[in-house]
Amino acid sequence: MIERHDLQREKYKVIVIRLLALVMIMLAPFQLYFDVHGNLSVTVAELVLFATLLMTLVLTGNPIRFLKVPHKLTSMIMLLIGSMFISTLLAQNIAVSLKYSLKWTAFLSAYFVTYWLLKFVLKPADIFAALVLAGSIVSLMSNYIFFLGPQGLQEYLKTSAAALFMDPSTVLYGDANWFRGGGTGGTFFNRNWYAAFLGMVLPYCILRLIYQKAHRFFWGLGFIVLISGLLISMSRSGWLGFIAFFTVWGLLQKRVYWKPILGTFSVIIILTLFLSLFFPTFWTDLFDRTATVLVVDHKVNRILIWNQSLSAWSINPLFGTGVANNPIGSAHSNFLQFAADQGIIGLAVFLIIMLIIVRDMVARLKKAVMGPDYLVGLGLLGAWTWFLVQGLLSTTLFNDKMFMAVAIMMGLTASYLTATDTETDSQENEP
């Protein structure tokens, strides 16, 4: 295995690996697809992930060590993949089962890659900064330039040449006009997937902006762009996730930080007024969406969909209907989606993973002192709280872009939970 001090002597390797890793992380929401055979496709992010995987294997020394991430999350993630494979195999055929299992195994390899990159060449702030930058680019291109930019640029963003920024299917079939004025979410196709991605990065972005002076311009600009994107998304489940993060923030603070919290809400109100100037129907749609939280976009009641999901689960309570074989499609709930697709086994594994993350994060935060390490932990806990709460009303995980982002965040979480005091102390001077 190549140790960190060995890498310091070979700075060019460090630079190459860092750049490749940051590109991989930034490409998570920019998933341009290449058709391989039939309906099988790969993305730019997957290709870069594969290259990063090979380099990370060299860093760790051998494949066995690469898979030995020293946290209980690792075994549970492997069980989750096994559950996906078995449920799909029993419900459909081996070809479909292999296709989806390989697909999610590829994305979840980002968990292992992220963990080892943090051990060797990256810091938590690097990953958050890359995700904030990527999310800001998506938000600016799709929420503002797509609707408010020069006519020529607007037309360009509707073509296949701009697929890296705007998924063509979003323009043709998706929520290309979430309310009568703007908001597309770029490559995410669906408002709730877009809001779920914002939930992975906004908590840390806000905390970093408030509690650390270094690079406040970057984090402040990112906060403004991302929070306005969340407002424009009209994702009610995303708003609920944001409120859940704020609740956790207030409960876990070691001192009363009412001024930063009040200041954040004040900025949100100002941004809301600002957005209403550019999008005249903003307030009307905002109230309409808020008043119909149990109604999905096509006037279908969520309660009806949840009842149908429970009926699908009853077909095979133990193993489910199989991934991509659910007769109702989206269950509009991560929990019911796991139950319907993978049965009680898959749902139990998912719940255990979430329980491990929340329990261990809270336990570590109780021992931490205010500083970079504490902000990373609170940002991660806020992200997972957002993810869980939004998942009550939306299916946000079973999407390629979110799956990879969640895997990256899981790798970051495992690294944070297994870090020694020496390692966390070294983050005090991170840029």
# chains A, B, ... in the order shown; residues from 1 in each chain; ligands from 1
>>> residues_around(residues="stretch 71-78 of chain A", least_positions_apart="3", cutoff="8 Å", atoms="only C-alpha atoms", output="PDB file with N, CA and C atoms, in the first residue's frame")
ATOM      1  N   LYS A  68     -11.918  -3.649   2.265  1.00  0.00           N
ATOM      2  CA  LYS A  68     -11.966  -3.713   3.733  1.00  0.00           C
ATOM      3  C   LYS A  68     -12.042  -2.315   4.345  1.00  0.00           C
ATOM      4  N   ILE A  81     -26.735  -4.659  -2.022  1.00  0.00           N
ATOM      5  CA  ILE A  81     -26.535  -5.084  -3.404  1.00  0.00           C
ATOM      6  C   ILE A  81     -27.021  -6.524  -3.582  1.00  0.00           C
ATOM      7  N   GLY A  82     -26.713  -7.375  -2.611  1.00  0.00           N
ATOM      8  CA  GLY A  82     -27.175  -8.763  -2.679  1.00  0.00           C
ATOM      9  C   GLY A  82     -28.689  -8.851  -2.692  1.00  0.00           C
ATOM     10  N   VAL A 349     -32.552  -3.888   5.421  1.00  0.00           N
ATOM     11  CA  VAL A 349     -31.146  -3.523   5.216  1.00  0.00           C
ATOM     12  C   VAL A 349     -31.011  -2.012   5.073  1.00  0.00           C
ATOM     13  N   ILE A 352     -31.481  -0.339   8.455  1.00  0.00           N
ATOM     14  CA  ILE A 352     -30.317  -0.558   9.326  1.00  0.00           C
ATOM     15  C   ILE A 352     -29.177   0.371   8.929  1.00  0.00           C
ATOM     16  N   ILE A 353     -28.950   0.536   7.609  1.00  0.00           N
ATOM     17  CA  ILE A 353     -27.909   1.449   7.134  1.00  0.00           C
ATOM     18  C   ILE A 353     -28.166   2.867   7.635  1.00  0.00           C
ATOM     19  N   ILE A 356     -27.597   3.092  11.451  1.00  0.00           N
ATOM     20  CA  ILE A 356     -26.167   3.105  11.780  1.00  0.00           C
ATOM     21  C   ILE A 356     -25.595   4.504  11.558  1.00  0.00           C
ATOM     22  N   ILE A 357     -25.929   5.105  10.426  1.00  0.00           N
ATOM     23  CA  ILE A 357     -25.400   6.424  10.104  1.00  0.00           C
ATOM     24  C   ILE A 357     -25.837   7.455  11.139  1.00  0.00           C
ATOM     25  N   ALA A 414     -18.384   7.221   6.170  1.00  0.00           N
ATOM     26  CA  ALA A 414     -17.548   6.152   6.729  1.00  0.00           C
ATOM     27  C   ALA A 414     -16.175   6.674   7.100  1.00  0.00           C
ATOM     28  N   LEU A 417     -16.496   8.763  10.312  1.00  0.00           N
ATOM     29  CA  LEU A 417     -16.765   7.961  11.512  1.00  0.00           C
ATOM     30  C   LEU A 417     -15.580   7.112  11.940  1.00  0.00           C
ATOM     31  N   THR A 418     -14.695   6.796  11.004  1.00  0.00           N
ATOM     32  CA  THR A 418     -13.533   5.964  11.337  1.00  0.00           C
ATOM     33  C   THR A 418     -12.259   6.767  11.513  1.00  0.00           C
TER      34      THR A 418
END
>>> closest_atom_pairs(of="stretch 73-128 of chain A", to="stretch 315-330 of chain A", cutoff="8 Å", atoms="only C-alpha atoms", output="tab-separated table")
residue	atom	partner	partner_atom	distance
A:Ser83	CA	A:Phe319	CA	7.9
A:Met84	CA	A:Val323	CA	6.6
A:Ile86	CA	A:Phe319	CA	7.6
A:Ser87	CA	A:Gly322	CA	4.7
A:Thr88	CA	A:Gly322	CA	3.9
A:Leu89	CA	A:Gly322	CA	7.3
A:Leu90	CA	A:Gly322	CA	7.2
A:Ala91	CA	A:Gly322	CA	5.2
A:Gln92	CA	A:Gly322	CA	7.1
A:Tyr100	CA	A:Val323	CA	7.7
>>> closest_residue(among="A:Leu54, A:Val138, A:Leu365, A:Ala405", to="A:Leu20", atoms="only C-alpha atoms")
A:Leu54
>>> atom_distance(atom1="atom CA of A:Lys366", atom2="atom CA of A:Trp384")
17.0 Å
>>> closest_atom_pairs(of="stretch 332-423 of chain A", to="stretch 117-130 of chain A", cutoff="12 Å", atoms="only C-alpha atoms", output="JSON lines")
{"residue": "A:Pro372", "atom": "CA", "partner": "A:Ala125", "partner_atom": "CA", "distance": 8.8}
{"residue": "A:Asp373", "atom": "CA", "partner": "A:Pro124", "partner_atom": "CA", "distance": 9.0}
{"residue": "A:Tyr374", "atom": "CA", "partner": "A:Pro124", "partner_atom": "CA", "distance": 11.6}
{"residue": "A:Leu375", "atom": "CA", "partner": "A:Ala125", "partner_atom": "CA", "distance": 9.9}
{"residue": "A:Val376", "atom": "CA", "partner": "A:Pro124", "partner_atom": "CA", "distance": 7.1}
{"residue": "A:Gly377", "atom": "CA", "partner": "A:Pro124", "partner_atom": "CA", "distance": 9.9}
{"residue": "A:Gly379", "atom": "CA", "partner": "A:Phe128", "partner_atom": "CA", "distance": 9.6}
{"residue": "A:Leu380", "atom": "CA", "partner": "A:Phe128", "partner_atom": "CA", "distance": 10.1}
{"residue": "A:Ala383", "atom": "CA", "partner": "A:Phe128", "partner_atom": "CA", "distance": 11.4}
{"residue": "A:Ala405", "atom": "CA", "partner": "A:Ile127", "partner_atom": "CA", "distance": 10.7}
{"residue": "A:Ile408", "atom": "CA", "partner": "A:Ile127", "partner_atom": "CA", "distance": 8.7}
{"residue": "A:Met409", "atom": "CA", "partner": "A:Ile127", "partner_atom": "CA", "distance": 8.9}
{"residue": "A:Met410", "atom": "CA", "partner": "A:Ile127", "partner_atom": "CA", "distance": 12.0}
{"residue": "A:Gly411", "atom": "CA", "partner": "A:Leu118", "partner_atom": "CA", "distance": 8.7}
{"residue": "A:Leu412", "atom": "CA", "partner": "A:Pro124", "partner_atom": "CA", "distance": 6.9}
{"residue": "A:Thr413", "atom": "CA", "partner": "A:Pro124", "partner_atom": "CA", "distance": 9.4}
{"residue": "A:Ala414", "atom": "CA", "partner": "A:Leu118", "partner_atom": "CA", "distance": 10.1}
{"residue": "A:Ser415", "atom": "CA", "partner": "A:Leu118", "partner_atom": "CA", "distance": 6.9}
{"residue": "A:Tyr416", "atom": "CA", "partner": "A:Pro124", "partner_atom": "CA", "distance": 8.3}
{"residue": "A:Thr418", "atom": "CA", "partner": "A:Lys119", "partner_atom": "CA", "distance": 10.3}
{"residue": "A:Ala419", "atom": "CA", "partner": "A:Lys119", "partner_atom": "CA", "distance": 8.8}
{"residue": "A:Thr420", "atom": "CA", "partner": "A:Lys119", "partner_atom": "CA", "distance": 11.0}
{"residue": "A:Glu423", "atom": "CA", "partner": "A:Lys119", "partner_atom": "CA", "distance": 9.0}
